[in-house]
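Peer 1: This is entry.cif (mmCIF, C-alpha atoms).
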data_target
loop_
_atom_site.label_atom_id
_atom_site.label_comp_id
_atom_site.auth_asym_id
_atom_site.auth_seq_id
_atom_site.Cartn_x
_atom_site.Cartn_y
_atom_site.Cartn_z
CA MET A 1 -8.56 -17.35 -19.82
CA SER A 2 -9.95 -16.32 -16.44
CA LYS A 3 -11.34 -12.79 -16.21
CA GLN A 4 -10.54 -12.75 -12.49
CA ALA A 5 -7.10 -12.55 -10.89
CA VAL A 6 -5.60 -12.37 -7.43
CA VAL A 7 -2.41 -10.36 -6.97
CA LEU A 8 -0.36 -11.18 -3.88
CA PHE A 9 1.67 -8.14 -2.84
CA ASN A 10 4.75 -7.98 -0.64
CA MET A 11 7.93 -5.94 -0.17
CA GLY A 12 10.20 -8.17 -2.28
CA GLY A 13 13.82 -9.08 -1.79
CA PRO A 14 17.01 -9.31 -3.86
CA ASN A 15 17.32 -12.52 -5.87
CA SER A 16 21.10 -12.16 -5.98
CA LEU A 17 23.88 -10.17 -4.35
CA PHE A 18 23.91 -7.92 -7.43
CA GLU A 19 20.33 -6.78 -6.62
CA VAL A 20 20.98 -5.91 -2.96
CA GLU A 21 22.04 -2.29 -3.58
CA GLY A 22 18.99 -1.46 -5.70
CA PHE A 23 16.70 -3.11 -3.16
CA LEU A 24 18.13 -1.06 -0.29
CA LYS A 25 17.97 2.21 -2.24
CA ARG A 26 14.31 1.68 -3.16
CA LEU A 27 13.48 0.63 0.40
CA PHE A 28 15.03 3.67 2.09
CA SER A 29 13.76 6.07 -0.61
CA ASP A 30 10.19 5.12 0.29
CA PRO A 31 8.57 8.03 2.22
CA HIS A 32 6.58 5.48 4.24
CA ILE A 33 9.88 4.00 5.46
CA LEU A 34 12.05 7.11 5.72
CA ASN A 35 9.74 9.92 6.81
CA ILE A 36 11.54 12.87 5.18
CA PRO A 37 9.09 15.04 3.17
CA ASN A 38 11.68 16.48 0.77
CA THR A 39 12.34 13.89 -1.95
CA PHE A 40 15.85 15.09 -2.74
CA ALA A 41 16.88 15.04 0.93
CA ARG A 42 15.26 11.65 1.46
CA ASN A 43 17.10 10.16 -1.53
CA MET A 44 20.40 11.60 -0.26
CA VAL A 45 19.83 9.97 3.14
CA ALA A 46 18.74 6.74 1.44
CA ASN A 47 21.97 6.63 -0.56
CA PHE A 48 23.98 7.26 2.61
CA ILE A 49 22.21 4.48 4.56
CA THR A 50 22.59 2.11 1.61
CA SER A 51 26.33 2.75 1.35
CA LYS A 52 26.71 2.14 5.10
CA ARG A 53 24.69 -1.08 5.13
CA LEU A 54 25.53 -2.56 1.74
CA GLN A 55 28.44 -4.84 2.63
CA ALA A 56 26.79 -6.13 5.80
CA ALA A 57 23.55 -6.77 3.90
CA LYS A 58 25.40 -8.64 1.15
CA SER A 59 27.16 -10.73 3.79
CA ASN A 60 23.81 -11.61 5.37
CA TYR A 61 22.27 -12.60 2.06
CA LYS A 62 25.37 -14.60 1.18
CA ALA A 63 24.85 -16.58 4.40
CA ILE A 64 21.38 -17.67 3.25
CA GLY A 65 22.31 -18.66 -0.28
CA GLY A 66 23.11 -15.39 -2.07
CA GLY A 67 19.66 -13.78 -2.04
CA SER A 68 16.25 -13.62 -0.45
CA PRO A 69 14.06 -16.76 -0.56
CA LEU A 70 10.93 -14.59 -0.68
CA ILE A 71 10.49 -14.49 -4.47
CA ARG A 72 11.14 -18.22 -4.81
CA HIS A 73 8.54 -19.12 -2.18
CA THR A 74 6.00 -16.64 -3.57
CA LEU A 75 6.34 -18.06 -7.08
CA ALA A 76 5.88 -21.57 -5.68
CA LEU A 77 2.80 -20.38 -3.78
CA THR A 78 1.19 -18.95 -6.92
CA ASN A 79 1.86 -22.25 -8.68
CA VAL A 80 0.01 -24.07 -5.89
CA LEU A 81 -2.84 -21.53 -6.02
CA ASN A 82 -3.25 -21.86 -9.78
CA ALA A 83 -3.25 -25.66 -9.49
CA LEU A 84 -5.95 -25.57 -6.80
CA ASP A 85 -8.20 -22.96 -8.43
CA SER A 86 -8.47 -22.99 -12.20
CA GLN A 87 -11.30 -20.42 -12.17
CA CYS A 88 -8.94 -17.60 -11.25
CA PHE A 89 -5.41 -16.48 -12.15
CA TYR A 90 -2.97 -15.98 -9.26
CA THR A 91 0.12 -13.82 -9.57
CA TYR A 92 2.21 -11.44 -7.44
CA CYS A 93 3.95 -8.06 -7.40
CA MET A 94 6.67 -6.63 -5.18
CA ARG A 95 7.33 -3.17 -3.78
CA TYR A 96 11.13 -2.90 -4.03
CA THR A 97 12.22 -5.64 -6.46
CA PRO A 98 10.75 -7.13 -9.64
CA PRO A 99 8.11 -7.99 -10.59
CA PHE A 100 6.88 -4.43 -10.04
CA ALA A 101 3.19 -3.55 -9.99
CA LYS A 102 3.22 -1.70 -13.33
CA ASP A 103 4.59 -4.74 -15.16
CA VAL A 104 2.19 -7.15 -13.48
CA PHE A 105 -0.82 -4.97 -14.33
CA GLU A 106 0.27 -4.70 -17.95
CA ASP A 107 0.37 -8.49 -18.12
CA LEU A 108 -3.10 -8.72 -16.58
CA ARG A 109 -4.44 -6.11 -19.02
CA LEU A 110 -3.14 -8.13 -21.95
CA ARG A 111 -4.74 -11.25 -20.47
CA GLY A 112 -8.09 -9.48 -20.43
CA VAL A 113 -8.51 -9.70 -16.65
CA GLU A 114 -11.44 -7.51 -15.61
CA SER A 115 -11.65 -8.07 -11.86
CA LEU A 116 -8.84 -8.15 -9.28
CA VAL A 117 -8.36 -8.99 -5.65
CA LEU A 118 -5.24 -7.44 -4.14
CA PHE A 119 -4.11 -9.74 -1.33
CA SER A 120 -1.65 -8.40 1.25
CA MET A 121 1.02 -10.83 2.37
CA TYR A 122 1.25 -8.78 5.58
CA PRO A 123 -1.31 -10.14 8.10
CA GLN A 124 -1.28 -6.89 10.11
CA TYR A 125 -1.73 -3.47 8.51
CA SER A 126 1.01 -0.85 8.77
CA THR A 127 1.79 2.35 6.89
CA THR A 128 5.35 0.99 6.38
CA THR A 129 4.18 -2.16 4.61
CA THR A 130 0.55 -2.47 3.48
CA LYS A 131 -0.11 1.22 2.87
CA SER A 132 3.23 1.69 1.07
CA SER A 133 2.44 -1.18 -1.30
CA LEU A 134 -1.12 0.01 -1.95
CA VAL A 135 0.06 3.55 -2.69
CA ASP A 136 2.58 2.11 -5.16
CA ILE A 137 -0.11 -0.07 -6.75
CA LYS A 138 -2.50 2.88 -7.08
CA GLN A 139 0.24 4.93 -8.74
CA ALA A 140 0.96 2.09 -11.19
CA LEU A 141 -2.73 1.84 -12.10
CA CYS A 142 -3.00 5.62 -12.59
CA GLU A 143 -0.09 5.54 -15.00
CA SER A 144 -1.47 2.59 -16.99
CA ARG A 145 -4.38 2.17 -19.38
CA TYR A 146 -5.81 -0.49 -17.11
CA SER A 147 -8.92 0.01 -14.95
CA PRO A 148 -10.18 -3.32 -13.57
CA LYS A 149 -12.67 -3.67 -10.74
CA ILE A 150 -10.57 -3.98 -7.58
CA ARG A 151 -11.15 -5.34 -4.11
CA VAL A 152 -8.46 -5.30 -1.42
CA ILE A 153 -7.70 -7.75 1.38
CA GLU A 154 -5.39 -5.59 3.47
CA ARG A 155 -5.35 -7.43 6.84
CA TYR A 156 -6.45 -10.74 8.37
CA PHE A 157 -4.70 -10.84 11.75
CA ASN A 158 -8.06 -11.45 13.45
CA ASN A 159 -9.26 -14.17 11.06
CA TYR A 160 -9.87 -17.36 13.04
CA GLN A 161 -8.88 -19.65 10.14
CA PHE A 162 -5.60 -17.77 9.74
CA CYS A 163 -4.85 -18.00 13.46
CA GLU A 164 -5.51 -21.74 13.30
CA LEU A 165 -2.80 -21.93 10.63
CA ILE A 166 -0.42 -20.21 13.05
CA VAL A 167 -1.23 -22.78 15.75
CA LYS A 168 -0.71 -25.61 13.27
CA SER A 169 2.70 -24.19 12.30
CA ILE A 170 3.67 -23.91 15.97
CA GLN A 171 2.62 -27.53 16.57
CA GLU A 172 4.66 -28.73 13.59
CA ALA A 173 7.73 -26.84 14.81
CA LEU A 174 7.33 -28.42 18.26
CA GLY A 175 6.99 -31.95 16.95
CA ASP A 176 6.97 -34.38 19.88
CA ARG A 177 8.43 -31.83 22.32
CA ASP A 178 6.51 -30.83 25.44
CA PRO A 179 5.21 -27.23 25.00
CA SER A 180 5.17 -26.68 28.76
CA GLU A 181 8.98 -26.74 28.66
CA PHE A 182 9.12 -23.92 26.06
CA THR A 183 8.81 -20.16 25.96
CA LEU A 184 6.80 -19.22 22.87
CA LEU A 185 8.10 -15.94 21.45
CA PHE A 186 6.10 -14.09 18.80
CA SER A 187 8.52 -11.90 16.85
CA ALA A 188 7.12 -9.14 14.63
CA HIS A 189 8.89 -6.60 12.44
CA ALA A 190 9.48 -3.36 14.35
CA ILE A 191 8.26 0.09 13.31
CA PRO A 192 9.35 3.50 14.64
CA GLN A 193 7.50 4.66 17.76
CA SER A 194 6.81 7.97 16.00
CA LEU A 195 4.51 6.19 13.53
CA VAL A 196 2.51 4.69 16.37
CA LYS A 197 2.03 8.17 17.81
CA LYS A 198 0.73 9.27 14.39
CA GLY A 199 -1.93 6.54 14.46
CA ASP A 200 -0.31 3.40 13.00
CA HIS A 201 -2.25 0.56 14.70
CA TYR A 202 0.22 -2.17 13.75
CA PRO A 203 1.38 -2.99 17.34
CA TYR A 204 -2.28 -3.22 18.43
CA GLU A 205 -3.06 -5.60 15.57
CA CYS A 206 -0.05 -7.74 16.51
CA GLU A 207 -1.32 -7.91 20.10
CA GLN A 208 -4.84 -8.83 18.97
CA ASN A 209 -3.40 -11.48 16.64
CA ILE A 210 -1.49 -13.04 19.56
CA ALA A 211 -4.56 -12.87 21.82
CA LEU A 212 -6.63 -14.89 19.35
CA VAL A 213 -3.83 -17.44 18.89
CA LYS A 214 -3.65 -17.80 22.67
CA GLU A 215 -7.39 -18.56 22.74
CA ILE A 216 -6.92 -21.32 20.17
CA LEU A 217 -3.93 -22.74 22.05
CA ASP A 218 -6.03 -22.81 25.23
CA THR A 219 -8.89 -24.53 23.40
CA LYS A 220 -6.48 -27.18 22.13
CA GLN A 221 -4.92 -27.43 25.62
CA ILE A 222 -1.48 -26.53 24.31
CA GLY A 223 0.20 -24.88 27.28
CA PHE A 224 3.53 -23.10 27.01
CA LYS A 225 5.75 -22.15 29.94
CA GLN A 226 5.19 -18.53 28.94
CA ILE A 227 4.23 -16.56 25.85
CA LEU A 228 6.16 -13.39 24.98
CA HIS A 229 6.03 -10.77 22.22
CA SER A 230 8.97 -8.89 20.71
CA TYR A 231 10.02 -6.87 17.67
CA GLN A 232 12.93 -7.37 15.30
CA SER A 233 14.81 -5.51 12.54
CA LYS A 234 15.05 -2.07 14.16
CA LEU A 235 17.37 0.33 12.37
CA GLY A 236 19.23 3.44 13.47
CA PRO A 237 19.20 5.52 16.66
CA ILE A 238 15.49 6.52 16.68
CA LYS A 239 13.05 4.96 19.15
CA TRP A 240 11.29 1.83 17.85
CA VAL A 241 8.52 -0.27 19.37
CA GLY A 242 9.95 -2.96 21.61
CA PRO A 243 11.26 -4.96 23.29
CA THR A 244 13.69 -6.23 20.70
CA THR A 245 13.69 -9.91 19.81
CA GLN A 246 17.45 -10.02 20.38
CA SER A 247 17.22 -8.65 23.93
CA VAL A 248 14.36 -10.98 24.87
CA ILE A 249 16.24 -14.05 23.59
CA ALA A 250 19.39 -12.93 25.43
CA SER A 251 17.39 -12.83 28.68
CA LEU A 252 16.11 -16.42 28.38
CA THR A 253 19.08 -18.26 29.89
CA ASN A 254 18.36 -21.95 30.56
CA HIS A 255 15.03 -21.70 28.73
CA LYS A 256 13.85 -23.61 25.70
CA VAL A 257 12.56 -21.17 23.09
CA LEU A 258 10.25 -21.48 20.09
CA VAL A 259 10.06 -18.37 17.91
CA PHE A 260 7.12 -17.73 15.60
CA PRO A 261 7.61 -14.94 12.98
CA LEU A 262 4.28 -13.20 13.51
CA ALA A 263 4.48 -10.50 10.83
CA PHE A 264 5.65 -12.69 7.95
CA THR A 265 3.76 -15.19 5.81
CA ILE A 266 6.72 -15.90 3.50
CA ASP A 267 10.26 -16.66 4.66
CA ASN A 268 12.78 -13.92 3.91
CA SER A 269 16.07 -12.57 5.21
CA GLU A 270 14.47 -11.58 8.53
CA THR A 271 13.44 -15.18 9.18
CA ASP A 272 16.21 -17.12 7.44
CA TYR A 273 19.06 -14.87 8.59
CA GLU A 274 17.99 -12.66 11.50
CA LEU A 275 15.96 -15.27 13.39
CA SER A 276 17.55 -18.52 12.25
CA ILE A 277 21.22 -17.44 12.24
CA GLU A 278 21.79 -14.17 14.14
CA CYS A 279 19.30 -14.84 16.95
CA ALA A 280 20.30 -18.50 17.11
CA HIS A 281 23.84 -17.31 17.87
CA ILE A 282 22.51 -14.96 20.56
CA ALA A 283 20.52 -17.85 22.05
CA LYS A 284 23.60 -20.05 22.15
CA GLU A 285 25.67 -17.32 23.79
CA ALA A 286 22.90 -16.70 26.34
CA GLY A 287 22.69 -20.35 27.33
CA VAL A 288 19.28 -21.06 25.81
CA ARG A 289 18.91 -24.85 26.07
CA GLU A 290 16.98 -25.34 22.83
CA TYR A 291 16.13 -22.82 20.13
CA ILE A 292 13.58 -23.39 17.35
CA VAL A 293 12.24 -21.05 14.66
CA ALA A 294 8.90 -21.98 13.08
CA ARG A 295 8.76 -21.72 9.31
CA CYS A 296 6.50 -19.25 7.56
CA PHE A 297 3.60 -20.63 5.54
CA ASN A 298 5.34 -20.20 2.18
CA GLU A 299 3.75 -22.53 -0.42
CA ARG A 300 1.83 -24.71 2.05
CA GLU A 301 -1.43 -25.99 0.59
CA ASP A 302 -3.46 -25.07 3.68
CA PHE A 303 -2.26 -21.46 3.40
CA ALA A 304 -3.09 -21.46 -0.32
CA LYS A 305 -6.60 -22.69 0.47
CA PHE A 306 -6.98 -19.88 3.01
CA ILE A 307 -6.02 -17.31 0.34
CA ILE A 308 -8.48 -18.85 -2.13
CA SER A 309 -11.27 -18.75 0.46
CA MET A 310 -10.56 -15.10 1.29
CA ALA A 311 -10.33 -14.14 -2.39
CA LYS A 312 -13.63 -15.87 -3.32
CA GLY A 313 -15.30 -14.02 -0.46
CA ALA A 314 -13.95 -10.72 -1.77
CA PHE A 315 -15.07 -11.46 -5.35
CA ALA A 316 -18.56 -12.31 -4.06
CA GLN A 317 -18.98 -8.87 -2.50
CA SER A 318 -21.01 -6.49 -4.60
#
Can the structure from this file be put into structure tokens for me?
Peer 2:
Amino acid sequence: MSKQAVVLFNMGGPNSLFEVEGFLKRLFSDPHILNIPNTFARNMVANFITSKRLQAAKSNYKAIGGGSPLIRHTLALTNVLNALDSQCFYTYCMRYTPPFAKDVFEDLRLRGVESLVLFSMYPQYSTTTTKSSLVDIKQALCESRYSPKIRVIERYFNNYQFCELIVKSIQEALGDRDPSEFTLLFSAHAIPQSLVKKGDHYPYECEQNIALVKEILDTKQIGFKQILHSYQSKLGPIKWVGPTTQSVIASLTNHKVLVFPLAFTIDNSETDYELSIECAHIAKEAGVREYIVARCFNEREDFAKFIISMAKGAFAQS
């Protein structure tokens, strides 16, 4: 068996309607998501938010098949990775739904894996996503009897090969359509403005990611009518980074729109429901002439090869 392993880490998602409540409670109990220092108070607020959002969340998941597609796509991706690279073992852990980090690390310990690369499925770093997962992973390792050598790939928004994959995905979504007739909208997951003031560089990394993609589009002479940037999935009355994806789409009357989910590498409820159903309805109501959502990379072989290349580079570092 391989002594090296790569662990893809992500937030997770409920596999069924039964798992939605637990997913929401874990999500809102996370101090990196709900910034309330007192654990008891934070859990009380988390339970309140969960009870308020539960039925709507279940309805949303029901509309996309009864659960999140994230686990299914991630499992398929690890199968592709293991088929392409027999010298390493590829697996995954999730922050708010199984498989949890502690269980994955116990499996790796029993396999005799001595060296790990932790690979973030978030291209841009944020305290709400990457840091939260890494803190959880560190805690799981501290509580285990497992102490492998670890390297971390925590961001790759400015990796040229990755940005080329984004351009390829955009081209595939366009098909034979003329890009000059379309507004290209990069939609990223929102974070509270308060976190940006505390030093979270996530919006900056999103902007730099888009800037590099624009350079590649220019090189390939792929010209869109305009290129915009927005944020989705805001929650509650506090101030979030913006503008919102919903408001931008609503303003694009008579436009043709192609949305690329910038902050996601694996399709989930935010892409399959929020972008592909909720925002599609907004687009229709606003008189958008054509509305397309590009797929995430999921189990694409070119994305798998990118992960393998990044992981081998990390293993090669002393």
Peer 1: Residues at most 7 Å from Val167 (chain A), counting all atoms listed in the file, excluding those fewer than 3 positions away in the same chain, as a list of chain:residue names?
Peer 2: A:Cys163, A:Glu164, A:Ile170, A:Gln171, A:Val213, A:Leu217
Peer 1: List the residues matched by the PyMOL selection byres ((chain A and resi 188) around 12) in the displayed structure as a PDB file with C-alpha atoms, in the coordinates of the input, ordered by chain and then by residue number.
Peer 2:
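Written file, part.pdb:
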ATOM      1  CA  TYR A 122       1.250  -8.780   5.580  1.00  0.00           C
ATOM      2  CA  PRO A 123      -1.310 -10.140   8.100  1.00  0.00           C
ATOM      3  CA  GLN A 124      -1.280  -6.890  10.110  1.00  0.00           C
ATOM      4  CA  SER A 126       1.010  -0.850   8.770  1.00  0.00           C
ATOM      5  CA  LEU A 185       8.100 -15.940  21.450  1.00  0.00           C
ATOM      6  CA  PHE A 186       6.100 -14.090  18.800  1.00  0.00           C
ATOM      7  CA  SER A 187       8.520 -11.900  16.850  1.00  0.00           C
ATOM      8  CA  HIS A 189       8.890  -6.600  12.440  1.00  0.00           C
ATOM      9  CA  ALA A 190       9.480  -3.360  14.350  1.00  0.00           C
ATOM     10  CA  ILE A 191       8.260   0.090  13.310  1.00  0.00           C
ATOM     11  CA  TYR A 202       0.220  -2.170  13.750  1.00  0.00           C
ATOM     12  CA  PRO A 203       1.380  -2.990  17.340  1.00  0.00           C
ATOM     13  CA  TYR A 204      -2.280  -3.220  18.430  1.00  0.00           C
ATOM     14  CA  GLU A 205      -3.060  -5.600  15.570  1.00  0.00           C
ATOM     15  CA  CYS A 206      -0.050  -7.740  16.510  1.00  0.00           C
ATOM     16  CA  GLU A 207      -1.320  -7.910  20.100  1.00  0.00           C
ATOM     17  CA  ASN A 209      -3.400 -11.480  16.640  1.00  0.00           C
ATOM     18  CA  ILE A 210      -1.490 -13.040  19.560  1.00  0.00           C
ATOM     19  CA  LEU A 228       6.160 -13.390  24.980  1.00  0.00           C
ATOM     20  CA  HIS A 229       6.030 -10.770  22.220  1.00  0.00           C
ATOM     21  CA  SER A 230       8.970  -8.890  20.710  1.00  0.00           C
ATOM     22  CA  TYR A 231      10.020  -6.870  17.670  1.00  0.00           C
ATOM     23  CA  GLN A 232      12.930  -7.370  15.300  1.00  0.00           C
ATOM     24  CA  SER A 233      14.810  -5.510  12.540  1.00  0.00           C
ATOM     25  CA  LYS A 234      15.050  -2.070  14.160  1.00  0.00           C
ATOM     26  CA  VAL A 241       8.520  -0.270  19.370  1.00  0.00           C
ATOM     27  CA  GLY A 242       9.950  -2.960  21.610  1.00  0.00           C
ATOM     28  CA  PRO A 243      11.260  -4.960  23.290  1.00  0.00           C
ATOM     29  CA  THR A 244      13.690  -6.230  20.700  1.00  0.00           C
ATOM     30  CA  THR A 245      13.690  -9.910  19.810  1.00  0.00           C
ATOM     31  CA  GLN A 246      17.450 -10.020  20.380  1.00  0.00           C
ATOM     32  CA  VAL A 259      10.060 -18.370  17.910  1.00  0.00           C
ATOM     33  CA  PHE A 260       7.120 -17.730  15.600  1.00  0.00           C
ATOM     34  CA  PRO A 261       7.610 -14.940  12.980  1.00  0.00           C
ATOM     35  CA  LEU A 262       4.280 -13.200  13.510  1.00  0.00           C
ATOM     36  CA  ALA A 263       4.480 -10.500  10.830  1.00  0.00           C
ATOM     37  CA  PHE A 264       5.650 -12.690   7.950  1.00  0.00           C
ATOM     38  CA  THR A 265       3.760 -15.190   5.810  1.00  0.00           C
ATOM     39  CA  GLU A 270      14.470 -11.580   8.530  1.00  0.00           C
ATOM     40  CA  THR A 271      13.440 -15.180   9.180  1.00  0.00           C
ATOM     41  CA  GLU A 274      17.990 -12.660  11.500  1.00  0.00           C
ATOM     42  CA  LEU A 275      15.960 -15.270  13.390  1.00  0.00           C
TER      43      LEU A 275
END
Peer 1: Rank nothing, just name the residue among A:Tyr160, A:Phe40, A:Tyr146, A:Tyr92 nearest to Met310 (chain A), using only C-alpha atoms.
Peer 2: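 Ranked by minimum distance to Met310 (chain A), first place goes to A:Tyr160.
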Peer 1: Residues near Tyr125 (chain A), anyone? I mean within 9 Å using only C-alpha atoms, not counting same-chain ones fewer than 2 positions away, as a ChimeraX atom specification.
Peer 2: /A:120,122-123,127-131,154-157,200-202,205
Peer 1: Report as number ranges by chain the residues that result from applying the PyMOL selection byres ((chain A and resi 87) around 12) to the structure here.
Peer 2: A: 1-6, 81-86, 88-90, 113, 308, 311-312, 315
Peer 1: Contacts of Arg42 (chain A) at 10 Å or less, counting all atoms listed in the file, minus same-chain residues fewer than 4 places along, as a ChimeraX atom specification?
Peer 2: /A:28-31,34-38,46-48
Peer 1: Generate the coordinates of N, CA and C atoms for region 134-158 of chain A; report them as an mmCIF file, in the frame of the given file.
Peer 2:
data_model
loop_
_atom_site.group_PDB
_atom_site.id
_atom_site.type_symbol
_atom_site.label_atom_id
_atom_site.label_comp_id
_atom_site.auth_asym_id
_atom_site.auth_seq_id
_atom_site.Cartn_x
_atom_site.Cartn_y
_atom_site.Cartn_z
ATOM 1 N N LEU A 134 0.128 -0.407 -1.301
ATOM 2 C CA LEU A 134 -1.120 0.010 -1.950
ATOM 3 C C LEU A 134 -0.981 1.360 -2.631
ATOM 4 N N VAL A 135 -0.210 2.264 -2.044
ATOM 5 C CA VAL A 135 0.060 3.550 -2.690
ATOM 6 C C VAL A 135 0.822 3.330 -3.995
ATOM 7 N N ASP A 136 1.804 2.442 -3.962
ATOM 8 C CA ASP A 136 2.580 2.110 -5.160
ATOM 9 C C ASP A 136 1.694 1.477 -6.231
ATOM 10 N N ILE A 137 0.805 0.585 -5.810
ATOM 11 C CA ILE A 137 -0.110 -0.070 -6.750
ATOM 12 C C ILE A 137 -1.058 0.947 -7.374
ATOM 13 N N LYS A 138 -1.599 1.853 -6.564
ATOM 14 C CA LYS A 138 -2.500 2.880 -7.080
ATOM 15 C C LYS A 138 -1.789 3.760 -8.100
ATOM 16 N N GLN A 139 -0.549 4.112 -7.807
ATOM 17 C CA GLN A 139 0.240 4.930 -8.740
ATOM 18 C C GLN A 139 0.443 4.187 -10.055
ATOM 19 N N ALA A 140 0.751 2.891 -9.976
ATOM 20 C CA ALA A 140 0.960 2.090 -11.190
ATOM 21 C C ALA A 140 -0.306 2.026 -12.024
ATOM 22 N N LEU A 141 -1.455 1.893 -11.373
ATOM 23 C CA LEU A 141 -2.730 1.840 -12.100
ATOM 24 C C LEU A 141 -3.045 3.190 -12.744
ATOM 25 N N CYS A 142 -2.756 4.280 -12.045
ATOM 26 C CA CYS A 142 -3.000 5.620 -12.590
ATOM 27 C C CYS A 142 -2.178 5.881 -13.848
ATOM 28 N N GLU A 143 -0.982 5.310 -13.863
ATOM 29 C CA GLU A 143 -0.090 5.540 -15.000
ATOM 30 C C GLU A 143 -0.336 4.571 -16.156
ATOM 31 N N SER A 144 -1.208 3.592 -15.947
ATOM 32 C CA SER A 144 -1.470 2.590 -16.990
ATOM 33 C C SER A 144 -2.793 2.880 -17.695
ATOM 34 N N ARG A 145 -3.097 2.067 -18.673
ATOM 35 C CA ARG A 145 -4.380 2.170 -19.380
ATOM 36 C C ARG A 145 -5.340 1.093 -18.859
ATOM 37 N N TYR A 146 -5.104 0.664 -17.660
ATOM 38 C CA TYR A 146 -5.810 -0.490 -17.110
ATOM 39 C C TYR A 146 -6.702 -0.045 -15.956
ATOM 40 N N SER A 147 -7.985 -0.400 -16.010
ATOM 41 C CA SER A 147 -8.920 0.010 -14.950
ATOM 42 C C SER A 147 -9.867 -1.125 -14.581
ATOM 43 N N PRO A 148 -9.336 -2.194 -13.988
ATOM 44 C CA PRO A 148 -10.180 -3.320 -13.570
ATOM 45 C C PRO A 148 -10.978 -2.969 -12.311
ATOM 46 N N LYS A 149 -11.979 -3.784 -12.025
ATOM 47 C CA LYS A 149 -12.670 -3.670 -10.740
ATOM 48 C C LYS A 149 -11.760 -4.275 -9.679
ATOM 49 N N ILE A 150 -11.560 -3.553 -8.576
ATOM 50 C CA ILE A 150 -10.570 -3.980 -7.580
ATOM 51 C C ILE A 150 -11.192 -4.091 -6.202
ATOM 52 N N ARG A 151 -10.837 -5.169 -5.521
ATOM 53 C CA ARG A 151 -11.150 -5.340 -4.110
ATOM 54 C C ARG A 151 -9.816 -5.609 -3.395
ATOM 55 N N VAL A 152 -9.726 -5.183 -2.146
ATOM 56 C CA VAL A 152 -8.460 -5.300 -1.420
ATOM 57 C C VAL A 152 -8.650 -6.075 -0.127
ATOM 58 N N ILE A 153 -7.794 -7.072 0.091
ATOM 59 C CA ILE A 153 -7.700 -7.750 1.380
ATOM 60 C C ILE A 153 -6.419 -7.241 2.020
ATOM 61 N N GLU A 154 -6.566 -6.309 2.956
ATOM 62 C CA GLU A 154 -5.390 -5.590 3.470
ATOM 63 C C GLU A 154 -4.949 -6.041 4.853
ATOM 64 N N ARG A 155 -5.729 -6.897 5.524
ATOM 65 C CA ARG A 155 -5.350 -7.430 6.840
ATOM 66 C C ARG A 155 -6.219 -8.647 7.134
ATOM 67 N N TYR A 156 -5.688 -9.550 7.957
ATOM 68 C CA TYR A 156 -6.450 -10.740 8.370
ATOM 69 C C TYR A 156 -5.906 -11.293 9.673
ATOM 70 N N PHE A 157 -5.287 -10.433 10.470
ATOM 71 C CA PHE A 157 -4.700 -10.840 11.750
ATOM 72 C C PHE A 157 -5.742 -11.422 12.702
ATOM 73 N N ASN A 158 -7.003 -11.002 12.549
ATOM 74 C CA ASN A 158 -8.060 -11.450 13.450
ATOM 75 C C ASN A 158 -8.969 -12.500 12.814
#
